[in-house]
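Enquirer: Sharing coords24.cif (mmCIF, C-alpha atoms) below.
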data_work
#
loop_
_atom_site.label_atom_id
_atom_site.label_comp_id
_atom_site.auth_asym_id
_atom_site.auth_seq_id
_atom_site.Cartn_x
_atom_site.Cartn_y
_atom_site.Cartn_z
CA MET A 20 53.19 -29.65 30.63
CA LYS A 21 51.64 -28.08 33.68
CA THR A 22 52.47 -24.60 32.40
CA GLY A 23 50.79 -25.47 29.15
CA LEU A 24 47.67 -26.59 30.98
CA ILE A 25 47.57 -23.49 33.15
CA LEU A 26 48.09 -21.28 30.12
CA THR A 27 45.32 -23.04 28.27
CA ILE A 28 42.94 -22.64 31.18
CA MET A 29 43.81 -18.96 31.48
CA LEU A 30 43.30 -18.49 27.78
CA LEU A 31 39.93 -20.20 27.81
CA THR A 32 38.61 -18.30 30.82
CA SER A 33 39.82 -14.95 29.53
CA SER A 34 38.27 -15.42 26.10
CA CYS A 35 34.98 -16.53 27.64
CA GLY A 36 34.98 -13.44 29.79
CA ALA A 37 35.63 -11.19 26.77
CA SER A 38 32.78 -12.50 24.63
CA ALA A 39 30.32 -12.33 27.52
CA ASP A 40 31.14 -8.64 28.02
CA GLN A 41 30.60 -7.83 24.35
CA GLY A 42 27.24 -9.57 24.36
CA THR A 43 25.93 -7.65 27.34
CA ALA A 44 27.14 -4.30 26.06
CA GLY A 45 25.33 -4.73 22.73
CA SER A 46 21.87 -5.51 24.09
CA ALA A 47 22.11 -2.94 26.87
CA SER A 48 22.70 -0.08 24.45
CA ASP A 49 19.79 -1.27 22.29
CA GLU A 50 17.50 -1.20 25.28
CA ARG A 51 18.72 2.22 26.29
CA GLU A 52 17.98 3.48 22.78
CA VAL A 53 14.41 2.20 22.99
CA ALA A 54 13.81 3.64 26.41
CA ALA A 55 14.86 7.12 25.32
CA ILE A 56 12.91 7.30 22.10
CA TYR A 57 9.75 5.41 22.74
CA GLU A 58 8.92 6.37 26.27
CA GLY A 59 5.33 5.45 26.92
CA TYR A 60 4.97 3.55 23.67
CA PRO A 61 3.94 -0.12 23.69
CA LYS A 62 6.86 -2.44 24.08
CA ALA A 63 7.74 -4.02 20.79
CA ASP A 64 8.37 -7.73 20.45
CA SER A 65 11.59 -6.99 18.65
CA LEU A 66 13.87 -4.25 17.51
CA LEU A 67 15.47 -4.06 14.12
CA ALA A 68 18.51 -1.80 14.34
CA GLY A 69 16.69 0.05 17.09
CA ILE A 70 13.41 0.31 15.17
CA PRO A 71 10.42 -1.24 16.98
CA VAL A 72 8.69 -3.95 15.00
CA TYR A 73 5.06 -4.67 15.87
CA PRO A 74 3.66 -7.92 14.45
CA LYS A 75 -0.04 -7.16 14.91
CA PHE A 76 -2.25 -4.09 14.76
CA ASP A 77 -3.37 -4.78 18.34
CA ASP A 78 0.23 -4.15 19.38
CA ILE A 79 0.11 -0.56 18.13
CA ALA A 80 -3.59 0.10 18.71
CA PRO A 81 -2.72 1.87 22.00
CA LEU A 82 -0.67 4.36 19.97
CA LEU A 83 -3.84 5.46 18.21
CA ALA A 84 -5.77 5.88 21.45
CA LEU A 85 -3.47 7.72 23.82
CA ASN A 86 -5.60 9.96 25.99
CA ASN A 87 -3.62 13.07 26.84
CA ASP A 88 -3.11 16.57 25.55
CA THR A 89 -0.56 15.64 22.92
CA THR A 90 -1.49 15.73 19.24
CA TYR A 91 -0.33 12.61 17.45
CA ILE A 92 0.41 12.55 13.74
CA VAL A 93 0.39 8.93 12.62
CA ASN A 94 1.53 8.47 9.02
CA PHE A 95 1.27 5.17 7.13
CA TRP A 96 3.93 4.73 4.46
CA ALA A 97 6.41 2.39 2.81
CA THR A 98 9.83 2.86 1.24
CA TRP A 99 8.58 1.61 -2.10
CA CYS A 100 5.72 4.09 -2.22
CA LYS A 101 6.96 7.12 -4.12
CA PRO A 102 4.40 9.69 -2.93
CA CYS A 103 4.97 8.43 0.62
CA VAL A 104 8.70 9.05 0.33
CA LYS A 105 8.08 12.43 -1.30
CA GLU A 106 5.95 13.73 1.58
CA LEU A 107 8.09 12.29 4.38
CA PRO A 108 10.41 15.31 4.64
CA TYR A 109 7.40 17.53 5.40
CA PHE A 110 6.65 15.38 8.45
CA VAL A 111 10.27 15.55 9.58
CA GLU A 112 10.30 19.34 9.12
CA LEU A 113 7.04 19.72 11.01
CA GLY A 114 8.47 17.66 13.83
CA LYS A 115 11.41 20.02 14.12
CA LYS A 116 9.21 23.09 13.91
CA TYR A 117 6.93 21.80 16.67
CA ALA A 118 9.69 20.22 18.75
CA SER A 119 8.82 22.26 21.84
CA GLN A 120 5.07 21.70 21.43
CA PRO A 121 2.86 18.77 22.47
CA VAL A 122 2.99 17.17 19.04
CA ARG A 123 4.40 13.74 18.32
CA ILE A 124 5.03 12.29 14.89
CA LEU A 125 4.94 8.58 14.21
CA LEU A 126 5.87 7.12 10.83
CA ILE A 127 4.43 3.60 10.63
CA SER A 128 6.07 1.62 7.89
CA LEU A 129 4.12 -1.06 6.07
CA ASP A 130 7.21 -2.31 4.29
CA PHE A 131 7.27 -5.99 3.42
CA PRO A 132 8.79 -8.17 6.17
CA ALA A 133 11.39 -9.60 3.81
CA GLN A 134 12.57 -6.11 2.89
CA LEU A 135 12.98 -4.53 6.30
CA GLN A 136 16.70 -5.20 6.58
CA SER A 137 17.49 -4.48 2.94
CA ARG A 138 15.28 -1.43 2.38
CA LEU A 139 13.79 0.06 5.51
CA VAL A 140 16.85 0.09 7.78
CA PRO A 141 19.17 1.79 5.25
CA PHE A 142 16.43 4.26 4.34
CA VAL A 143 15.77 5.23 7.95
CA GLU A 144 19.45 5.42 8.82
CA GLU A 145 20.34 7.52 5.80
CA ARG A 146 17.63 10.07 6.59
CA GLU A 147 18.30 9.94 10.34
CA ILE A 148 14.62 9.56 11.16
CA LYS A 149 14.91 6.51 13.37
CA PRO A 150 13.22 8.08 16.41
CA LEU A 151 10.05 8.57 14.40
CA VAL A 152 9.73 5.16 12.80
CA ALA A 153 8.01 1.92 13.77
CA VAL A 154 7.12 -1.09 11.64
CA LEU A 155 3.72 -2.77 11.47
CA LEU A 156 3.87 -6.25 10.00
CA ASP A 157 0.16 -7.09 10.24
CA GLY A 158 -0.84 -8.17 6.74
CA LYS A 159 -4.50 -8.75 7.63
CA TYR A 160 -5.38 -5.29 6.42
CA ASN A 161 -9.10 -5.82 6.20
CA ASP A 162 -9.16 -6.40 9.94
CA TRP A 163 -7.58 -3.12 10.94
CA ILE A 164 -7.85 -0.45 8.25
CA ASP A 165 -11.23 0.68 9.56
CA ARG A 166 -9.83 0.92 13.08
CA VAL A 167 -7.47 3.64 11.89
CA SER A 168 -10.34 5.37 10.14
CA PRO A 169 -13.55 4.13 8.49
CA GLU A 170 -12.80 6.70 5.78
CA TRP A 171 -9.58 4.98 4.79
CA SER A 172 -9.80 3.19 1.45
CA GLY A 173 -6.50 1.45 2.13
CA ALA A 174 -4.40 3.50 -0.25
CA ILE A 175 -1.12 4.82 1.09
CA PRO A 176 0.11 7.30 2.07
CA ALA A 177 -2.49 8.12 4.69
CA THR A 178 -2.24 10.12 7.91
CA LEU A 179 -4.27 10.18 11.10
CA PHE A 180 -4.09 13.32 13.25
CA TYR A 181 -5.58 12.95 16.71
CA ARG A 182 -5.62 14.55 20.12
CA GLY A 183 -7.69 12.83 22.77
CA LYS A 184 -11.05 12.23 21.09
CA ASP A 185 -10.52 14.66 18.22
CA ARG A 186 -9.61 12.85 15.04
CA HIS A 187 -8.78 14.08 11.57
CA PHE A 188 -7.94 11.66 8.78
CA VAL A 189 -6.20 12.51 5.51
CA GLY A 190 -6.40 9.64 3.03
CA GLU A 191 -3.92 11.00 0.52
CA ALA A 192 -0.48 12.58 0.27
CA VAL A 193 0.24 16.10 1.47
CA HIS A 194 2.11 18.29 -0.97
CA SER A 195 3.86 20.86 1.19
CA LEU A 196 4.86 21.68 4.73
CA GLU A 197 2.17 24.37 4.73
CA GLU A 198 -0.52 21.88 3.75
CA LEU A 199 0.62 19.46 6.43
CA GLU A 200 0.59 22.22 9.01
CA GLN A 201 -2.94 23.23 7.95
CA GLU A 202 -4.09 19.65 8.53
CA LEU A 203 -2.43 19.67 11.94
CA ASN A 204 -4.03 22.99 12.78
CA THR A 205 -7.50 21.52 12.39
CA ILE A 206 -6.75 19.68 15.64
CA TYR A 207 -4.06 21.76 17.29
CA GLN A 208 -3.05 25.39 17.10
CA PRO A 209 0.11 26.49 18.88
CA MET B 10 9.46 -17.54 -8.25
CA LYS B 11 12.29 -16.03 -10.26
CA HIS B 12 9.74 -13.99 -12.16
CA LEU B 13 8.28 -12.76 -8.95
CA MET B 14 11.69 -11.70 -7.65
CA THR B 15 12.44 -9.91 -10.89
CA ALA B 16 9.07 -8.28 -10.74
CA LEU B 17 9.57 -7.21 -7.16
CA LEU B 18 12.96 -5.81 -8.04
CA LEU B 19 11.43 -4.01 -10.99
CA GLY B 20 8.68 -2.77 -8.76
CA LEU B 21 11.21 -1.46 -6.27
CA LEU B 22 13.27 0.26 -8.93
CA LEU B 23 10.24 1.86 -10.47
CA THR B 24 8.87 2.70 -7.05
CA ALA B 25 5.72 4.65 -7.13
CA CYS B 26 2.65 3.92 -5.17
CA GLY B 27 0.13 6.16 -3.48
CA ASN B 28 -1.61 9.22 -4.72
CA ALA B 29 -0.14 11.72 -7.14
CA THR B 30 0.45 15.41 -6.71
CA GLU B 31 -2.25 18.03 -6.97
CA ALA B 32 -2.59 20.19 -10.06
CA GLY B 33 -3.67 23.61 -8.80
CA LYS B 34 -0.72 24.67 -6.73
CA GLU B 35 1.86 23.90 -9.34
CA GLN B 36 -0.06 25.83 -11.97
CA ALA B 37 1.33 29.08 -10.51
CA ALA B 38 4.45 29.23 -12.69
CA ASN B 39 3.06 29.48 -16.19
CA THR B 40 4.08 28.68 -19.70
CA GLU B 41 6.60 31.41 -20.39
CA THR B 42 9.65 29.40 -19.73
CA THR B 43 12.51 29.21 -22.13
CA GLU B 44 13.95 26.11 -20.59
CA ALA B 45 14.04 23.11 -22.80
CA THR B 46 13.01 20.82 -19.98
CA GLU B 47 10.12 18.44 -20.40
CA THR B 48 7.16 19.40 -18.28
CA LYS B 49 5.17 16.54 -16.84
CA PRO B 50 1.44 16.86 -17.34
CA GLU B 51 -0.35 18.25 -14.30
CA ALA B 52 -1.43 15.47 -12.03
CA LYS B 53 -4.67 15.36 -10.13
CA THR B 54 -5.37 13.85 -6.76
CA VAL B 55 -7.55 10.79 -6.56
CA SER B 56 -10.53 11.78 -4.49
CA GLN B 57 -10.94 9.78 -1.34
CA ARG B 58 -14.56 10.76 -0.91
CA ALA B 59 -17.18 8.09 -1.47
CA GLU B 60 -17.97 7.87 -5.14
CA GLY B 61 -18.16 5.22 -7.79
CA ILE B 62 -20.51 2.30 -7.89
CA ALA B 63 -21.67 0.55 -4.75
CA VAL B 64 -22.49 -3.13 -4.35
CA GLY B 65 -25.90 -3.66 -5.91
CA GLU B 66 -25.48 -0.94 -8.52
CA GLN B 67 -24.81 -1.51 -12.19
CA ALA B 68 -21.29 -0.95 -13.48
CA PRO B 69 -20.77 0.76 -16.80
CA ASP B 70 -19.44 -1.03 -19.83
CA PHE B 71 -16.43 0.40 -21.60
CA GLU B 72 -14.21 0.05 -24.65
CA LEU B 73 -10.58 -0.34 -23.75
CA LYS B 74 -7.48 -1.42 -25.61
CA ASN B 75 -6.07 -4.82 -24.71
CA VAL B 76 -2.38 -5.77 -24.84
CA ASP B 77 -3.13 -7.59 -28.09
CA GLY B 78 -3.96 -4.23 -29.67
CA LYS B 79 -7.69 -4.92 -30.01
CA THR B 80 -10.49 -3.11 -28.23
CA TYR B 81 -12.65 -4.98 -25.76
CA SER B 82 -15.88 -4.30 -23.94
CA LEU B 83 -17.61 -6.36 -21.29
CA ALA B 84 -20.36 -7.08 -23.80
CA GLY B 85 -17.80 -8.62 -26.14
CA ILE B 86 -15.72 -10.63 -23.67
CA LYS B 87 -16.33 -14.37 -23.63
CA ASP B 88 -15.56 -16.95 -21.00
CA ALA B 89 -13.12 -19.82 -21.61
CA ASN B 90 -15.77 -21.74 -23.53
CA GLY B 91 -16.51 -18.87 -25.91
CA LEU B 92 -19.82 -18.17 -24.22
CA ALA B 93 -21.24 -15.00 -22.72
CA PRO B 94 -19.91 -14.87 -19.16
CA LYS B 95 -22.03 -15.50 -16.09
CA GLY B 96 -20.05 -12.77 -14.42
CA TYR B 97 -16.95 -10.64 -14.71
CA VAL B 98 -14.00 -10.49 -12.34
CA VAL B 99 -12.91 -6.90 -12.95
CA ILE B 100 -9.55 -6.24 -11.28
CA PHE B 101 -7.78 -2.90 -11.36
CA THR B 102 -4.11 -3.79 -11.26
CA CYS B 103 -0.78 -2.64 -12.64
CA ASN B 104 2.82 -3.61 -13.32
CA THR B 105 4.50 -1.53 -10.70
CA CYS B 106 2.71 -1.71 -7.38
CA PRO B 107 4.36 -4.31 -5.12
CA PHE B 108 0.94 -5.42 -3.89
CA ALA B 109 -0.24 -5.95 -7.43
CA VAL B 110 2.94 -7.85 -8.22
CA ALA B 111 2.48 -10.01 -5.16
CA SER B 112 -1.09 -10.76 -6.30
CA GLU B 113 -0.22 -11.48 -9.92
CA GLN B 114 -0.03 -15.27 -9.74
CA ARG B 115 -3.24 -15.39 -7.74
CA ILE B 116 -4.99 -13.37 -10.46
CA ILE B 117 -3.70 -15.76 -13.10
CA ASP B 118 -4.84 -18.75 -11.04
CA LEU B 119 -8.26 -17.18 -10.51
CA HIS B 120 -8.79 -16.80 -14.21
CA ASN B 121 -7.62 -20.33 -14.97
CA LYS B 122 -9.99 -21.68 -12.34
CA TYR B 123 -13.07 -19.59 -13.02
CA ALA B 124 -13.01 -18.61 -16.69
CA PRO B 125 -13.99 -22.16 -17.66
CA GLN B 126 -16.87 -21.82 -15.22
CA GLY B 127 -18.13 -18.59 -16.73
CA TYR B 128 -16.24 -15.98 -14.71
CA PRO B 129 -13.26 -14.55 -16.62
CA VAL B 130 -10.84 -12.07 -15.12
CA VAL B 131 -10.91 -8.64 -16.78
CA ALA B 132 -7.74 -6.81 -15.69
CA ILE B 133 -7.61 -3.03 -16.13
CA GLN B 134 -4.47 -0.95 -15.70
CA PRO B 135 -5.56 2.51 -14.45
CA ASN B 136 -2.31 4.41 -13.89
CA ASP B 137 -1.14 7.30 -16.03
CA PRO B 138 2.14 6.23 -17.68
CA ALA B 139 3.25 9.86 -17.83
CA ILE B 140 3.50 9.70 -14.05
CA GLN B 141 4.27 6.01 -13.78
CA PRO B 142 6.41 4.97 -16.80
CA GLY B 143 6.57 1.41 -15.61
CA ASP B 144 2.85 1.14 -16.39
CA SER B 145 3.09 2.15 -20.03
CA PHE B 146 1.17 0.17 -22.62
CA GLU B 147 4.41 -1.33 -23.89
CA ALA B 148 5.34 -2.39 -20.36
CA MET B 149 1.90 -3.94 -19.99
CA GLN B 150 2.39 -5.90 -23.20
CA GLU B 151 5.81 -7.11 -22.09
CA ARG B 152 4.51 -8.26 -18.75
CA ALA B 153 1.48 -9.99 -20.25
CA GLU B 154 3.71 -11.85 -22.64
CA GLU B 155 6.37 -12.70 -20.08
CA MET B 156 3.83 -14.13 -17.66
CA ASP B 157 1.58 -15.52 -20.40
CA TYR B 158 -1.51 -13.77 -19.07
CA PRO B 159 -4.59 -15.84 -19.88
CA PHE B 160 -6.90 -12.85 -19.32
CA VAL B 161 -7.35 -9.51 -21.05
CA TYR B 162 -5.12 -6.78 -19.65
CA LEU B 163 -6.80 -3.54 -20.64
CA PHE B 164 -5.35 -0.05 -20.60
CA ASP B 165 -7.57 2.64 -19.06
CA GLU B 166 -6.19 5.18 -21.47
CA GLY B 167 -7.38 8.66 -20.55
CA GLN B 168 -8.26 7.28 -17.11
CA GLU B 169 -11.99 7.53 -17.53
CA VAL B 170 -13.09 4.09 -16.42
CA TYR B 171 -11.56 3.71 -12.98
CA PRO B 172 -13.09 6.90 -11.50
CA VAL B 173 -16.56 5.81 -12.56
CA TYR B 174 -16.04 2.47 -10.85
CA GLY B 175 -14.60 4.29 -7.86
CA ALA B 176 -11.38 2.33 -7.71
CA THR B 177 -8.78 4.03 -5.54
CA LYS B 178 -5.89 1.62 -5.57
CA THR B 179 -4.28 -1.45 -7.07
CA PRO B 180 -5.15 -4.19 -6.78
CA GLU B 181 -8.89 -3.66 -6.37
CA VAL B 182 -11.68 -6.03 -7.37
CA PHE B 183 -15.22 -5.46 -8.67
CA LEU B 184 -17.06 -8.75 -9.14
CA LEU B 185 -19.97 -8.24 -11.54
CA ASP B 186 -22.80 -10.55 -12.47
CA ALA B 187 -23.85 -11.18 -16.08
CA ASP B 188 -25.81 -7.92 -16.17
CA ARG B 189 -22.88 -5.95 -14.74
CA TYR B 190 -24.34 -5.50 -11.25
CA VAL B 191 -21.62 -5.24 -8.59
CA LYS B 192 -21.80 -8.22 -6.26
CA TYR B 193 -18.49 -7.93 -4.43
CA HIS B 194 -16.01 -5.09 -4.06
CA GLY B 195 -12.57 -5.10 -2.46
CA ALA B 196 -9.61 -7.38 -1.92
CA ILE B 197 -8.77 -10.72 -3.53
CA ASP B 198 -8.13 -12.29 -0.13
CA ASP B 199 -7.04 -11.37 3.38
CA SER B 200 -3.31 -11.52 2.68
CA VAL B 201 -2.60 -9.27 -0.30
CA ARG B 202 1.08 -9.01 0.50
CA ASP B 203 1.77 -12.70 1.00
CA PRO B 204 0.14 -15.63 -0.80
CA GLU B 205 1.33 -17.99 1.93
CA GLY B 206 -0.65 -16.18 4.60
CA VAL B 207 -4.07 -16.43 2.98
CA GLU B 208 -6.81 -17.59 5.28
CA GLU B 209 -9.90 -15.97 3.80
CA LYS B 210 -10.35 -16.10 0.03
CA TYR B 211 -12.88 -13.28 -0.19
CA LEU B 212 -13.11 -13.17 -3.98
CA GLU B 213 -13.26 -16.92 -4.51
CA ASN B 214 -15.93 -17.20 -1.84
CA ALA B 215 -17.88 -14.45 -3.60
CA ILE B 216 -17.67 -16.15 -6.99
CA ASN B 217 -18.70 -19.46 -5.44
CA ALA B 218 -21.67 -17.70 -3.88
CA LEU B 219 -22.73 -16.28 -7.24
CA MET B 220 -22.50 -19.72 -8.79
CA LYS B 221 -25.01 -20.91 -6.21
CA ASN B 222 -27.23 -17.84 -6.73
CA GLU B 223 -26.32 -16.66 -3.26
CA THR B 224 -25.20 -13.26 -1.99
CA PRO B 225 -21.48 -12.89 -1.34
CA HIS B 226 -20.60 -12.30 2.26
CA PRO B 227 -18.86 -10.11 3.07
CA PRO B 228 -19.83 -8.01 0.04
CA VAL B 229 -17.12 -5.42 0.74
CA THR B 230 -13.58 -5.75 2.06
CA LYS B 231 -10.54 -3.49 2.23
CA ALA B 232 -6.84 -3.98 1.70
CA VAL B 233 -3.79 -1.77 1.57
CA GLY B 234 -2.70 -0.95 -1.97
CA CYS B 235 -0.96 1.68 -4.03
CA GLY B 236 -3.08 4.70 -4.84
CA ILE B 237 -3.89 5.06 -8.51
CA LYS B 238 -1.61 7.53 -10.31
CA ALA B 239 -3.63 10.23 -11.98
#
Can the structure in the file be given as structure tokens, please?
Expert:
Amino acid sequence: MKTGLILTIMLLTSSCGASADQGTAGSASDEREVAAIYEGYPKADSLLAGIPVYPKFDDIAPLLALNNDTTYIVNFWATWCKPCVKELPYFVELGKKYASQPVRILLISLDFPAQLQSRLVPFVEEREIKPLVAVLLDGKYNDWIDRVSPEWSGAIPATLFYRGKDRHFVGEAVHSLEELEQELNTIYQP
Amino acid sequence: MKHLMTALLLGLLLTACGNATEAGKEQAANTETTEATETKPEAKTVSQRAEGIAVGEQAPDFELKNVDGKTYSLAGIKDANGLAPKGYVVIFTCNTCPFAVASEQRIIDLHNKYAPQGYPVVAIQPNDPAIQPGDSFEAMQERAEEMDYPFVYLFDEGQEVYPVYGATKTPEVFLLDADRYVKYHGAIDDSVRDPEGVEEKYLENAINALMKNETPHPPVTKAVGCGIKA
């Protein structure tokens, strides 16, 4: 009887210990992933498979107003937008080409909230572009489109290139790596 | 709801939103190919520069084919009482864009509410089916029948109407008065993606203003949408 009780207690305490360890390990690695990729970026309310999710435009507004010598390429896209998906590889290629230069690429997904898990996560994981991607959930487009650029009609894809106060907005898809690089070169030449 | 899910699924499968590819660069390789492959017609980019009609200007009339096979013009369209409309709710929309799909029921509701009051919805599908097969005339007819569209769903065949209006995406609204002057231009409401999140009904407010002989405010709004496929 006593043995049984002792055994039970041991079992209970050991299993409690095990699950606690697993829980801590999971969240710690998530946080490490964020720290490495998004250094200096606004802290996101939540992560979805390591992808920062920003509920409101105000949460990412700082990303469009960083004041340093880096050139930021901020692309607005969605997985269901065919021309967006078609031009995405050019951004990824450009990122690799300019990896040692002060250029940062940010792919801001406007995917529907209900489709993040089913569409966005698999898409991002399959293409291994997670470090470049963030989600903006803010559906009050009229309130923030102009803050990206007054020239923006609201059609996607659209890309904002900026470096300090210099801004260059492209309200349509780019059709080649060369074209994308030309747009970048209006703000930054290596 | 089921329809919406099917539509969303359809929209996802037939994914294509945003602007199309540019003609010039691809023109390099010319016609002397012996391959039996189908060549897609050259696509042109939708200009993002300011053009089209501004609020306060007069919109052109047109003659476009409806899903019932007949041709319609603004001059010929009647309101729900068979009378000449007091205004026209011109909405550029399509089958395939997820934002248009999400707005579909709202467009139907708008027509049902305002057509009896003199403001019918006039839906125009502006995409080129050669680039966006899901927006073919047949697909338009199927959708109109499936959802029992109470409004005309016109095909901008040849894509000559939308550039004159200056529409750049779907869905996009031009509210006209009886003489075709643009009174409001932009989004249906402030929550294109999600009907549950609507707080500001821009278009309804604009129509209500017209009914009181007042000026819509704001007269222009913006929303994210899929670029028109040209």
Enquirer: Within 10 Å of segment 149-168 of chain A, which residues of segment 140-232 of chain B come that close, and what is the closest atom pair and distance in Å for each? Count only C-alpha atoms and give it as CSV.
Expert:
residue,atom,partner,partner_atom,distance
B:Gly195,CA,A:Asn161,CA,9.4
B:Ala196,CA,A:Asn161,CA,8.3
B:Asp198,CA,A:Asn161,CA,9.1
B:Asp199,CA,A:Lys159,CA,5.6
B:Ser200,CA,A:Lys159,CA,5.8
B:Val201,CA,A:Gly158,CA,7.3
B:Arg202,CA,A:Gly158,CA,6.6
B:Asp203,CA,A:Gly158,CA,7.8
B:Gly206,CA,A:Gly158,CA,8.3
B:Val207,CA,A:Lys159,CA,9.0
B:Glu208,CA,A:Lys159,CA,9.4
B:Glu209,CA,A:Lys159,CA,9.8
B:Val229,CA,A:Asn161,CA,9.7
B:Thr230,CA,A:Asn161,CA,6.1
B:Lys231,CA,A:Asn161,CA,4.8
B:Ala232,CA,A:Tyr160,CA,5.1
Enquirer: Got a sec to pull out which chain A residues are within 12 Å of chain B, counting all atoms listed in the file, and send them as an NGL selection string?
Expert: :A and (95-106 or 129-134 or 137-138 or 156-166 or 168-177 or 188-195 or 197-198)
Enquirer: Evaluating the PyMOL selection byres ((chain B and resi 148-165) around 10) on the displayed file yields which residues, as an MDAnalysis selection string?
Expert: chainID B and resid 12:13 16 71:82 86 88:89 100:105 113:114 116:121 124 129:138 142:147 166:171
Enquirer: Could you check which of A:Ser119, A:Gln201, A:Thr89, A:Ser65 is closest to Gly183 of chain A, using all atoms listed in the file?
Expert: A:Thr89
Enquirer: Expand the PyMOL selection byres ((chain B and resi 213-219) around 9) into the individual residues it matches in the shown file, reporting them as a PDB file with C-alpha atoms, in the frame of the given file.
Expert:
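The file below, selection37.pdb, is the result:
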ATOM      1  CA  LYS B  95     -22.030 -15.500 -16.090  1.00  0.00           C
ATOM      2  CA  GLY B  96     -20.050 -12.770 -14.420  1.00  0.00           C
ATOM      3  CA  VAL B  98     -14.000 -10.490 -12.340  1.00  0.00           C
ATOM      4  CA  LEU B 119      -8.260 -17.180 -10.510  1.00  0.00           C
ATOM      5  CA  TYR B 123     -13.070 -19.590 -13.020  1.00  0.00           C
ATOM      6  CA  TYR B 128     -16.240 -15.980 -14.710  1.00  0.00           C
ATOM      7  CA  LEU B 184     -17.060  -8.750  -9.140  1.00  0.00           C
ATOM      8  CA  ASP B 186     -22.800 -10.550 -12.470  1.00  0.00           C
ATOM      9  CA  LYS B 192     -21.800  -8.220  -6.260  1.00  0.00           C
ATOM     10  CA  TYR B 193     -18.490  -7.930  -4.430  1.00  0.00           C
ATOM     11  CA  ILE B 197      -8.770 -10.720  -3.530  1.00  0.00           C
ATOM     12  CA  ASP B 198      -8.130 -12.290  -0.130  1.00  0.00           C
ATOM     13  CA  GLU B 209      -9.900 -15.970   3.800  1.00  0.00           C
ATOM     14  CA  LYS B 210     -10.350 -16.100   0.030  1.00  0.00           C
ATOM     15  CA  TYR B 211     -12.880 -13.280  -0.190  1.00  0.00           C
ATOM     16  CA  LEU B 212     -13.110 -13.170  -3.980  1.00  0.00           C
ATOM     17  CA  MET B 220     -22.500 -19.720  -8.790  1.00  0.00           C
ATOM     18  CA  LYS B 221     -25.010 -20.910  -6.210  1.00  0.00           C
ATOM     19  CA  ASN B 222     -27.230 -17.840  -6.730  1.00  0.00           C
ATOM     20  CA  GLU B 223     -26.320 -16.660  -3.260  1.00  0.00           C
ATOM     21  CA  THR B 224     -25.200 -13.260  -1.990  1.00  0.00           C
ATOM     22  CA  PRO B 225     -21.480 -12.890  -1.340  1.00  0.00           C
ATOM     23  CA  HIS B 226     -20.600 -12.300   2.260  1.00  0.00           C
ATOM     24  CA  PRO B 227     -18.860 -10.110   3.070  1.00  0.00           C
ATOM     25  CA  PRO B 228     -19.830  -8.010   0.040  1.00  0.00           C
TER      26      PRO B 228
END
Enquirer: Which one of A:Gln136, A:Thr205, A:Glu144, A:Arg123 sits closest to Ile92 of chain A if you count all atoms listed in the file?
Expert: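 Distance minimum relative to Ile92 of chain A lands on A:Arg123.
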Enquirer: Taking only C-alpha atoms into account, which of A:Asn86, A:Thr178, A:Ser128, A:Gln120 comes nearest Glu202 of chain A?
Expert: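 Among the listed residues, A:Thr178 lies closest to Glu202 of chain A.
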Enquirer: What does the distance between atom CA of Ile70 of chain A and atom CA of Thr90 of chain A come to in Å, to one decimal place?
Expert: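 A separation of 21.8 Å between them.
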Enquirer: Mind checking which residues fall within 9 Å of segment 78-82 of chain A, counting all atoms listed in the file, ignoring those fewer than 4 positions away in the same chain, and posting them as a PyMOL selection string?
Expert: chain A and resi 60-64+73-74+91+93+155+166-167
Enquirer: State, in Å with one decimal place, the distance from atom CA of Tyr174 of chain B to atom CA of Gln67 of chain B.
Expert: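 If I compute the distance from atom CA of Tyr174 of chain B to atom CA of Gln67 of chain B, I get 9.7 Å.
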Enquirer: Would you mind reading off the distance between atom CA of Val72 of chain A and atom CA of Leu139 of chain A, one decimal, in Å?
Expert: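 Going from atom CA of Val72 of chain A over to atom CA of Leu139 of chain A covers 11.5 Å.
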Enquirer: As a check of understanding, name the residues that the PyMOL selection byres ((chain B and resi 190) around 7) selects in the supplied structure, as a VMD selection string.
Expert: chain B and resid 65 to 68 185 to 186 188 to 189 191 to 192
